[in-house]
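Peer 1: Take a look at the following structure, please.
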Amino acid sequence: MEILAIAVLGVFALGYLVLGGADIGVGMLLPFLGRDGAERRVVLATVAPFFLGNEVWLVATAGVLVGAFPDLEGELLSGLFPAVVALLAGWMVRDAGLWSRGRVEARAWAAGCDGAIVLGSWTVALSWGWMFAGLLAGVTDRVVTGPGAALAALAVATLFAAHGLAFAGLRLAGPLRARAGAFSGRSGTAGEAQTFALTTAAMVALGLAVGLRLPLAESAVDSATLSLLVPAMAAVTPLLLAAQAWVWWIFRHRVHGPSYL
Amino acid sequence: MDPQTLDLARLQFALTAGGHFLFVALTLGLATLVACVQTWATLSRDPLGARMTRYWGQLYVINYAVGIITGLVMEFQFGLSWSGLTHFAGNVFGASLAMETLVAFFVESTFLGLWIFGWDRLNRWVHLAVIWVVTLTAYASAYWILVSNGFLNNPRGHRLAADGESLRLVDAWAVLTNPSSIAAFWHVLGGALVTAGFFVAGVSAYHLLRRTPEWLFFLRSLRLGVFVTLPALMLTVVFGGLQMGLIGEYQPMKLATFQGDAAEIARLQAEMVAEHGPGDYSPPSGWVRVSAILMVTTWPTMMMFSAASTLLASFRPVALRLQVWHVLLVLAVPLPYVAMIAGWVFREVGRQPWVVNGLLTTAEAVSPVSAGSMRVSLAVFTTVFALLALVNGWLLLRQAARGPGDVALGRPAAEGRPEPLPRPTY
């Protein structure tokens with residue numbers, strides 16, 4: 001049962017890193033990918049139908065953590081307090097920018113929202129880097145500081161950005177696509193897919209490395225709870241994946257123009 | 001544990017949950033009304049119905065943003081600020097939170113994205129099904145959260161572990177059918193419909209007051225809003241009254257505080273001291289009494305107004321021209337919000353000093369975090385929430401005032417938006 005609970009947790013955590021990581025990366029590189037307000041709007045359209053569905057992978061991860069590993073959840077979140085607060089603040093600012101951008105047609109408004117999206121995305125990515133720096137070193141009860149931690153945080157944030165760039169290359173069209181491709185140093189559809197596969201693999205490897213350092217098996221809940229919760233989670237997970245896969249299928253085409261955001 | 005950390009953590013959670021609840025109340029009710037309008041529009045193929053779906057849907061989506069953003073933060077605050085609660089009650093309380101994220105939040109967000117962006121890509125019947133999935137999962141979300149909250153108010157289906165430091169799940173069915181959860185669910189659902197009904201009626205009245213050429217659009221909308229409030233108010237009061245009875249049963253101290261019964265408070269206090277050791281076991285009476293009085297006095301006000309409005313809205317010339325009434329409808333929009341927030345304060349503050357009624361105090365639940373860290377996080381969250389609520393409230397009112405002529409949601413691709421962006425006007 002514990003193994004199954006860990007597997008469900010892994011599915012959601014890795015899903016977040018791969019899918020959510022891509023739209024965070026696109027947000028980080030927004031000023032580079034789109035040179036003016038209209039272009040940035042098109043860049044945002046690459047993640048628009050997905051960002052809501054992407055971020056709930058993390059909410060689900062937190063849910064599985066509190067349901068199946070409540071002690072570890074409490075220890076991690078209160079131990080990594082400052083980094084979690086930074087993550088949440090960045091997340092809120094980023095989402096507020098995304099939700100509000102298209103609602104007012106004034107150049108200054110769009111610029112302000114773009115600023116919120118970029119700042120928020122960087123804060124989210126760096127907060128993950130900060131947390132992962134400690135977790136990879138096996139520290140779960142406090143945040144790590146110092147040049148090593150800063151370097152690790154920066155490296156993780158760079159990975160998020162690279163992953164976002166690779167994703168943008170797969171989603172954009174025309175000159176914007178060329179720009180995304182130029183940054184990743186490749187051209188052509190095959191190259192774009194390869195780059196994205198590579199950054200995806202790096203994200204998954206990072207997630208697995210962190211997960212393996214966590215004392216998951218020891219901190220699972222009581223078997224009475226697990227025997228009810230795990231079958232329920234295991235039963236709904238394929239349905240959730242199918243629903244998301246359907247959304248990705250519907251919006252699979254490259255974007256040529258702006259969307260609702 | 002630093003007593004300051006406790007106060008700061010409580011204030012932080014209260015602001016997050018309060019802000020969340022204010023926006024969610026409208027989200028939950030408005031989703032239902034939008035789904036009903038879209039059903040009618042899809043069945044009748046009436047273009048007016050399609051426009052109503054887009055306009056009210058646009059307001060729903062704008063309002064949704066704050067609900068979801070504060071909801072995300074709240075999901076993390078349990079571990080962040082209340083690790084003692086997850087440690088003590090995680091075995092029982094965590095599972096319902098987990099189910100909420102998986103079967104409700106996850107599906108709701110995925111399908112809301114599909115509904116917003118899939119307007120002209122999906123078959124219209126599929127698109128209609130999608131809004132119903134969003135609405136029903138929003139209900140499911142409310143149910144699971146109230147299962148968690150109901151356990152805190154009236155713990156059942158559990159036993160204390162041998163070490164006495166945590167709870168074990170014994171009877172899942174008892175947790176899922178907790179009367180404290182079920183009654184609160186219907187009560188909140190009714191309240192949400194009241195909130196949405198007053199909102200839709202108020203916005204429509206504003207446009208009729210300004211003699212809009214869209215009179216048919218807003219006459220229909222006004223009737224929709226007005227006609228939904230009366231049954232919704234009845235639903236709310238039935239389950240509200242039921243809860244008062246339940247409170248007398250499992251939270252006698254809350255009821256005695258509300259009634260200001262000093263003798264009963266003293267008797268219960270002595271009983272609790274004998275059972276749990278020395279301490280103050282009564283909730284802050286000012287908060288409990290004021291919130292309860294606000295809640296139970298707004299109800300008859302809304303009820304009388306709603307009954308009169310139902311009558312007035314039935315006569316077309318009156319509904320279109322009675323301006324005094326239009327003004328009152330606009331002024332009445334905040335009433336359900338007052339009742340909702342007051343009811344929530346009564347439920348949550350009335351439980352103090354317990355976080356899990358009779359089992360774990362709020363002071364025992366707070367995380368071992370320094371007051372300084374908690375203060376910084378409180379400042380950060382409060383600033384972001386306040387800005388978010390102000391900007392979003394402004395966007396909501398602005399869009400509401402603009403009327404159905406300028407709605408981005410579901411705009412046919414050909415219409416598009418002016419590109420490039422218009423020159424700034426300053």
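Ligands are numbered from 1 in the order shown, chains are lettered A, B, ... in the order of the structure tokens, and residues start at 1 in each chain.
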Need the shell around B:Ile341: protein/DNA/RNA residues with any atom at most 10 Å away, counting only C-alpha atoms. Skip same-chain ones fewer than 5 positions apart. Format as a list in words?
Peer 2: Gly18, Gly19, Phe21, Leu22, Ala25, Ser291, Leu294, Met295, Pro336, Phe346 and Arg347 of chain B
Peer 1: Go ahead and write the selection's residues with all heavy atoms as a compact mmCIF listing (two decimals), in the first residue's frame.
Peer 2:
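For reference, part13.txt as written:
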```txt
# COMPACT_ATOMS: atom_id res chain seq x y z
N GLY B 18 -11.23 33.71 4.80
CA GLY B 18 -12.30 34.69 4.64
C GLY B 18 -12.32 35.25 3.23
O GLY B 18 -13.38 35.32 2.60
N GLY B 19 -11.15 35.63 2.73
CA GLY B 19 -11.05 36.14 1.36
C GLY B 19 -11.51 35.10 0.36
O GLY B 19 -12.26 35.38 -0.58
N PHE B 21 -13.53 32.57 0.88
CA PHE B 21 -14.96 32.30 1.01
C PHE B 21 -15.82 33.37 0.34
O PHE B 21 -16.84 33.06 -0.28
CB PHE B 21 -15.30 32.18 2.51
CG PHE B 21 -16.61 31.53 2.78
CD1 PHE B 21 -16.96 30.35 2.16
CD2 PHE B 21 -17.50 32.09 3.67
CE1 PHE B 21 -18.17 29.74 2.41
CE2 PHE B 21 -18.72 31.48 3.93
CZ PHE B 21 -19.05 30.32 3.30
N LEU B 22 -15.40 34.65 0.45
CA LEU B 22 -16.16 35.74 -0.15
C LEU B 22 -16.30 35.54 -1.66
O LEU B 22 -17.37 35.73 -2.22
CB LEU B 22 -15.46 37.07 0.10
CG LEU B 22 -15.79 37.77 1.41
CD1 LEU B 22 -15.02 39.07 1.49
CD2 LEU B 22 -17.28 38.05 1.51
N ALA B 25 -18.18 32.09 -2.66
CA ALA B 25 -19.63 32.12 -2.51
C ALA B 25 -20.28 32.49 -3.84
O ALA B 25 -21.25 31.86 -4.27
CB ALA B 25 -20.02 33.13 -1.44
N SER B 291 -21.41 38.10 15.20
CA SER B 291 -21.53 37.40 13.92
C SER B 291 -22.85 36.66 13.83
O SER B 291 -23.52 36.69 12.78
CB SER B 291 -20.35 36.44 13.72
OG SER B 291 -20.33 35.49 14.75
N LEU B 294 -25.65 39.18 13.24
CA LEU B 294 -25.61 39.67 11.85
C LEU B 294 -26.22 38.63 10.92
O LEU B 294 -27.02 38.95 10.04
CB LEU B 294 -24.15 39.91 11.44
CG LEU B 294 -23.61 41.31 11.59
CD1 LEU B 294 -22.16 41.35 11.12
CD2 LEU B 294 -24.44 42.29 10.75
N MET B 295 -25.82 37.37 11.12
CA MET B 295 -26.30 36.31 10.24
C MET B 295 -27.82 36.15 10.36
O MET B 295 -28.52 36.11 9.34
CB MET B 295 -25.60 35.00 10.58
CG MET B 295 -26.10 33.81 9.80
SD MET B 295 -25.15 32.32 10.14
CE MET B 295 -25.62 31.96 11.82
N PRO B 336 -25.95 39.32 1.09
CA PRO B 336 -25.58 37.91 1.28
C PRO B 336 -24.11 37.74 1.69
O PRO B 336 -23.79 36.81 2.44
CB PRO B 336 -25.81 37.30 -0.11
CG PRO B 336 -26.65 38.26 -0.85
CD PRO B 336 -26.41 39.59 -0.27
N PHE B 346 -18.99 32.80 12.86
CA PHE B 346 -19.72 32.12 13.93
C PHE B 346 -19.29 30.66 14.02
O PHE B 346 -19.02 30.14 15.11
CB PHE B 346 -21.23 32.22 13.67
CG PHE B 346 -22.08 31.55 14.70
CD1 PHE B 346 -22.02 31.95 16.03
CD2 PHE B 346 -22.95 30.52 14.36
CE1 PHE B 346 -22.80 31.33 17.00
CE2 PHE B 346 -23.73 29.90 15.32
CZ PHE B 346 -23.66 30.30 16.64
N ARG B 347 -19.19 30.00 12.88
CA ARG B 347 -18.82 28.58 12.87
C ARG B 347 -17.38 28.37 13.36
O ARG B 347 -17.12 27.47 14.17
CB ARG B 347 -18.96 28.03 11.45
CG ARG B 347 -18.73 26.51 11.35
CD ARG B 347 -19.06 26.03 9.94
NE ARG B 347 -18.72 24.64 9.73
CZ ARG B 347 -19.55 23.61 9.92
NH1 ARG B 347 -20.76 23.83 10.35
NH2 ARG B 347 -19.17 22.38 9.67
```
Peer 1: Residues of chain A within 7 Å of chain B, counting only C-alpha atoms, what are they? List them as a PDB file with N, CA and C atoms, in the first residue's frame.
Peer 2:
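Generated output (result26.pdb):
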```
ATOM      1  N   ALA A  38       1.733  42.667 -28.133  1.00  0.00           N
ATOM      2  CA  ALA A  38       0.937  41.776 -28.977  1.00  0.00           C
ATOM      3  C   ALA A  38       1.618  40.414 -29.105  1.00  0.00           C
ATOM      4  N   PRO A  49      -4.594  27.508 -22.403  1.00  0.00           N
ATOM      5  CA  PRO A  49      -5.616  26.512 -22.036  1.00  0.00           C
ATOM      6  C   PRO A  49      -5.123  25.524 -20.979  1.00  0.00           C
ATOM      7  N   PHE A  50      -3.824  25.523 -20.721  1.00  0.00           N
ATOM      8  CA  PHE A  50      -3.243  24.488 -19.861  1.00  0.00           C
ATOM      9  C   PHE A  50      -2.858  24.951 -18.464  1.00  0.00           C
ATOM     10  N   LEU A  52      -4.112  26.438 -15.938  1.00  0.00           N
ATOM     11  CA  LEU A  52      -4.994  26.064 -14.819  1.00  0.00           C
ATOM     12  C   LEU A  52      -4.873  24.574 -14.523  1.00  0.00           C
ATOM     13  N   GLY A  53      -4.928  23.785 -15.594  1.00  0.00           N
ATOM     14  CA  GLY A  53      -4.837  22.340 -15.443  1.00  0.00           C
ATOM     15  C   GLY A  53      -3.451  21.893 -15.000  1.00  0.00           C
ATOM     16  N   VAL A  56      -2.825  22.492 -10.987  1.00  0.00           N
ATOM     17  CA  VAL A  56      -3.521  21.604 -10.054  1.00  0.00           C
ATOM     18  C   VAL A  56      -2.761  20.300  -9.822  1.00  0.00           C
ATOM     19  N   VAL A  59      -1.338  21.072  -6.624  1.00  0.00           N
ATOM     20  CA  VAL A  59      -2.364  21.016  -5.584  1.00  0.00           C
ATOM     21  C   VAL A  59      -2.658  19.553  -5.244  1.00  0.00           C
ATOM     22  N   ALA A  60      -2.735  18.718  -6.288  1.00  0.00           N
ATOM     23  CA  ALA A  60      -2.984  17.292  -6.062  1.00  0.00           C
ATOM     24  C   ALA A  60      -1.806  16.662  -5.302  1.00  0.00           C
ATOM     25  N   GLY A  63      -2.236  17.505  -1.864  1.00  0.00           N
ATOM     26  CA  GLY A  63      -3.365  16.742  -1.340  1.00  0.00           C
ATOM     27  C   GLY A  63      -2.960  15.317  -0.992  1.00  0.00           C
ATOM     28  N   VAL A  64      -2.238  14.651  -1.911  1.00  0.00           N
ATOM     29  CA  VAL A  64      -1.789  13.282  -1.654  1.00  0.00           C
ATOM     30  C   VAL A  64      -0.834  13.279  -0.457  1.00  0.00           C
ATOM     31  N   VAL A  66      -0.766  15.401   2.107  1.00  0.00           N
ATOM     32  CA  VAL A  66      -1.471  15.599   3.386  1.00  0.00           C
ATOM     33  C   VAL A  66      -2.348  14.395   3.713  1.00  0.00           C
ATOM     34  N   GLY A  67      -2.858  13.715   2.665  1.00  0.00           N
ATOM     35  CA  GLY A  67      -3.712  12.562   2.916  1.00  0.00           C
ATOM     36  C   GLY A  67      -2.934  11.317   3.304  1.00  0.00           C
ATOM     37  N   PRO A  70       0.770  12.780   6.139  1.00  0.00           N
ATOM     38  CA  PRO A  70       0.505  14.069   6.810  1.00  0.00           C
ATOM     39  C   PRO A  70       1.661  14.571   7.675  1.00  0.00           C
ATOM     40  N   ASP A  71       2.362  13.657   8.350  1.00  0.00           N
ATOM     41  CA  ASP A  71       3.478  14.103   9.196  1.00  0.00           C
ATOM     42  C   ASP A  71       4.573  14.738   8.368  1.00  0.00           C
ATOM     43  N   GLU A  73       4.234  16.037   5.434  1.00  0.00           N
ATOM     44  CA  GLU A  73       3.723  17.288   4.860  1.00  0.00           C
ATOM     45  C   GLU A  73       3.941  18.434   5.853  1.00  0.00           C
ATOM     46  N   GLY A  74       3.526  18.181   7.121  1.00  0.00           N
ATOM     47  CA  GLY A  74       3.694  19.217   8.134  1.00  0.00           C
ATOM     48  C   GLY A  74       5.153  19.567   8.348  1.00  0.00           C
ATOM     49  N   GLU A  75       6.009  18.532   8.384  1.00  0.00           N
ATOM     50  CA  GLU A  75       7.433  18.771   8.636  1.00  0.00           C
ATOM     51  C   GLU A  75       8.067  19.556   7.492  1.00  0.00           C
ATOM     52  N   LEU A  77       6.586  21.447   5.036  1.00  0.00           N
ATOM     53  CA  LEU A  77       6.079  22.795   4.790  1.00  0.00           C
ATOM     54  C   LEU A  77       6.482  23.759   5.900  1.00  0.00           C
ATOM     55  N   SER A  78       6.396  23.312   7.171  1.00  0.00           N
ATOM     56  CA  SER A  78       6.785  24.246   8.225  1.00  0.00           C
ATOM     57  C   SER A  78       8.301  24.357   8.312  1.00  0.00           C
ATOM     58  N   PHE A  81       9.564  26.747   5.592  1.00  0.00           N
ATOM     59  CA  PHE A  81       8.634  27.875   5.658  1.00  0.00           C
ATOM     60  C   PHE A  81       8.953  29.042   4.709  1.00  0.00           C
ATOM     61  N   VAL A  85       6.650  30.063   1.468  1.00  0.00           N
ATOM     62  CA  VAL A  85       5.951  31.357   1.395  1.00  0.00           C
ATOM     63  C   VAL A  85       6.338  32.085   0.110  1.00  0.00           C
ATOM     64  N   LEU A  88       4.552  30.423  -2.822  1.00  0.00           N
ATOM     65  CA  LEU A  88       3.128  30.766  -2.898  1.00  0.00           C
ATOM     66  C   LEU A  88       2.928  32.204  -3.359  1.00  0.00           C
ATOM     67  N   ALA A  89       3.774  33.110  -2.829  1.00  0.00           N
ATOM     68  CA  ALA A  89       3.637  34.519  -3.221  1.00  0.00           C
ATOM     69  C   ALA A  89       3.900  34.666  -4.723  1.00  0.00           C
ATOM     70  N   MET A  92       0.975  33.301  -6.717  1.00  0.00           N
ATOM     71  CA  MET A  92      -0.192  34.178  -6.730  1.00  0.00           C
ATOM     72  C   MET A  92       0.005  35.348  -7.679  1.00  0.00           C
ATOM     73  N   ALA A  96      -2.216  36.023 -10.927  1.00  0.00           N
ATOM     74  CA  ALA A  96      -2.985  37.266 -11.015  1.00  0.00           C
ATOM     75  C   ALA A  96      -2.679  37.951 -12.338  1.00  0.00           C
ATOM     76  N   TRP A  99      -4.404  35.923 -15.218  1.00  0.00           N
ATOM     77  CA  TRP A  99      -5.859  36.072 -15.239  1.00  0.00           C
ATOM     78  C   TRP A  99      -6.287  37.462 -15.673  1.00  0.00           C
ATOM     79  N   GLU A 105      -7.856  46.839 -21.955  1.00  0.00           N
ATOM     80  CA  GLU A 105      -7.107  47.079 -23.180  1.00  0.00           C
ATOM     81  C   GLU A 105      -6.323  48.371 -23.091  1.00  0.00           C
ATOM     82  N   ALA A 106      -5.258  48.343 -22.318  1.00  0.00           N
ATOM     83  CA  ALA A 106      -4.365  49.492 -22.245  1.00  0.00           C
ATOM     84  C   ALA A 106      -2.954  48.945 -22.196  1.00  0.00           C
ATOM     85  N   ARG A 107      -2.053  49.619 -22.881  1.00  0.00           N
ATOM     86  CA  ARG A 107      -0.703  49.106 -23.003  1.00  0.00           C
ATOM     87  C   ARG A 107      -0.029  48.989 -21.635  1.00  0.00           C
ATOM     88  N   VAL A 221       0.652   7.199   6.360  1.00  0.00           N
ATOM     89  CA  VAL A 221      -0.360   7.176   7.423  1.00  0.00           C
ATOM     90  C   VAL A 221      -0.658   5.751   7.871  1.00  0.00           C
ATOM     91  N   ASP A 222      -1.501   5.683   8.871  1.00  0.00           N
ATOM     92  CA  ASP A 222      -1.974   4.427   9.422  1.00  0.00           C
ATOM     93  C   ASP A 222      -2.642   3.563   8.336  1.00  0.00           C
ATOM     94  N   ALA A 224      -5.259   1.775   8.327  1.00  0.00           N
ATOM     95  CA  ALA A 224      -6.719   1.907   8.201  1.00  0.00           C
ATOM     96  C   ALA A 224      -7.072   2.995   7.197  1.00  0.00           C
ATOM     97  N   THR A 225      -6.332   4.098   7.232  1.00  0.00           N
ATOM     98  CA  THR A 225      -6.588   5.189   6.293  1.00  0.00           C
ATOM     99  C   THR A 225      -6.082   4.826   4.900  1.00  0.00           C
ATOM    100  N   LEU A 229      -7.880   5.128   1.290  1.00  0.00           N
ATOM    101  CA  LEU A 229      -7.462   6.260   0.467  1.00  0.00           C
ATOM    102  C   LEU A 229      -6.754   5.813  -0.805  1.00  0.00           C
ATOM    103  N   LEU A 240      -8.326  11.130 -14.217  1.00  0.00           N
ATOM    104  CA  LEU A 240      -7.791  12.488 -14.244  1.00  0.00           C
ATOM    105  C   LEU A 240      -6.803  12.634 -15.397  1.00  0.00           C
ATOM    106  N   GLN A 244      -7.072  15.182 -18.689  1.00  0.00           N
ATOM    107  CA  GLN A 244      -6.019  16.118 -19.108  1.00  0.00           C
ATOM    108  C   GLN A 244      -5.540  15.801 -20.527  1.00  0.00           C
ATOM    109  N   VAL A 247      -7.775  17.347 -23.000  1.00  0.00           N
ATOM    110  CA  VAL A 247      -7.548  18.783 -23.148  1.00  0.00           C
ATOM    111  C   VAL A 247      -6.314  19.036 -24.017  1.00  0.00           C
ATOM    112  N   TYR A 260      -7.939  34.091 -25.077  1.00  0.00           N
ATOM    113  CA  TYR A 260      -8.735  34.854 -24.108  1.00  0.00           C
ATOM    114  C   TYR A 260      -7.877  35.615 -23.113  1.00  0.00           C
TER     115      TYR A 260
END
```
Peer 1: Write out as number ranges by chain each polymer residue whose atoms come within 12 Å of A:Ala5, counting only C-alpha atoms; drop sequence neighbours fewer than 5 positions from it.
Peer 2: A: 10-12, 61, 63-69, 216-217, 219-221, 223, 225-235, 237; B: 98
Peer 1: Please identify all polymer residues within 12 Å of B:Pro300, counting only C-alpha atoms, omitting same-chain residues fewer than 6 positions from it, and present them as a PyMOL selection string.
Peer 2: chain B and resi 230+233-234+236-237+293-294+306-307+335-336+339
Peer 1: Limited to N, CA and C atoms, could you put the picked residues into a file as a PDB file, in the first residue's frame?
Peer 2:
```pdb
ATOM      1  N   LEU B 230     -35.511  33.331  -3.632  1.00  0.00           N
ATOM      2  CA  LEU B 230     -36.507  32.919  -2.636  1.00  0.00           C
ATOM      3  C   LEU B 230     -36.355  31.443  -2.235  1.00  0.00           C
ATOM      4  N   LEU B 233     -33.096  31.043  -0.338  1.00  0.00           N
ATOM      5  CA  LEU B 233     -33.149  31.511   1.055  1.00  0.00           C
ATOM      6  C   LEU B 233     -33.831  30.478   1.945  1.00  0.00           C
ATOM      7  N   MET B 234     -34.866  29.814   1.400  1.00  0.00           N
ATOM      8  CA  MET B 234     -35.556  28.783   2.182  1.00  0.00           C
ATOM      9  C   MET B 234     -34.607  27.622   2.477  1.00  0.00           C
ATOM     10  N   THR B 236     -31.400  27.721   2.609  1.00  0.00           N
ATOM     11  CA  THR B 236     -30.388  28.178   3.555  1.00  0.00           C
ATOM     12  C   THR B 236     -30.906  28.148   4.985  1.00  0.00           C
ATOM     13  N   VAL B 237     -32.131  28.640   5.179  1.00  0.00           N
ATOM     14  CA  VAL B 237     -32.628  28.761   6.559  1.00  0.00           C
ATOM     15  C   VAL B 237     -32.988  27.399   7.138  1.00  0.00           C
ATOM     16  N   ILE B 293     -25.669  37.378  15.358  1.00  0.00           N
ATOM     17  CA  ILE B 293     -26.778  38.330  15.226  1.00  0.00           C
ATOM     18  C   ILE B 293     -26.834  38.877  13.800  1.00  0.00           C
ATOM     19  N   LEU B 294     -25.646  39.184  13.243  1.00  0.00           N
ATOM     20  CA  LEU B 294     -25.606  39.666  11.852  1.00  0.00           C
ATOM     21  C   LEU B 294     -26.220  38.634  10.917  1.00  0.00           C
ATOM     22  N   SER B 306     -36.760  39.786  -0.857  1.00  0.00           N
ATOM     23  CA  SER B 306     -36.817  38.826  -1.945  1.00  0.00           C
ATOM     24  C   SER B 306     -38.267  38.473  -2.293  1.00  0.00           C
ATOM     25  N   ALA B 307     -39.103  38.345  -1.264  1.00  0.00           N
ATOM     26  CA  ALA B 307     -40.513  38.028  -1.521  1.00  0.00           C
ATOM     27  C   ALA B 307     -41.175  39.167  -2.291  1.00  0.00           C
ATOM     28  N   LEU B 335     -25.600  42.276   0.878  1.00  0.00           N
ATOM     29  CA  LEU B 335     -26.261  41.600   2.010  1.00  0.00           C
ATOM     30  C   LEU B 335     -25.861  40.128   2.164  1.00  0.00           C
ATOM     31  N   PRO B 336     -25.946  39.322   1.095  1.00  0.00           N
ATOM     32  CA  PRO B 336     -25.577  37.914   1.277  1.00  0.00           C
ATOM     33  C   PRO B 336     -24.112  37.741   1.690  1.00  0.00           C
ATOM     34  N   ALA B 339     -23.916  38.116   5.372  1.00  0.00           N
ATOM     35  CA  ALA B 339     -24.444  36.921   6.044  1.00  0.00           C
ATOM     36  C   ALA B 339     -23.456  35.760   5.934  1.00  0.00           C
TER      37      ALA B 339
END
```
Peer 1: List the neighbours of B:Gly240 out to 10 Å using only C-alpha atoms; skip same-chain residues closer than 3 positions along the sequence, and give me the result as a ChimeraX atom specification.
Peer 2: /B:183-184,186-188,190-191,234-237,243-246,295-296,343
Peer 1: My list of candidates is A:Ile6, A:Val210, A:Leu33, A:Leu17. Which is closest to A:Leu165 when distances are computed with only C-alpha atoms?
Peer 2: A:Leu33
Peer 1: Just to confirm, what's the straight-line distance from atom CA of B:Leu209 to atom CA of B:Phe227 in Å (one decimal)?
Peer 2: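 Computing it gives 19.1 Å between the two atoms.
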Peer 1: Of the candidates A:Ala178, A:Gly207, A:Asp141, A:Thr200, which one gets nearest to A:Leu72 if we count only C-alpha atoms?
Peer 2: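 Between A:Ala178, A:Gly207, A:Asp141, A:Thr200, the residue approaching A:Leu72 most closely is A:Asp141.
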Peer 1: Pick from B:Ala41, B:Val194, B:Val349, B:Val134: nearest to B:Tyr60, with only C-alpha atoms counted?
Peer 2: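 Using only C-alpha atoms, B:Tyr60 sits closest to B:Val134.
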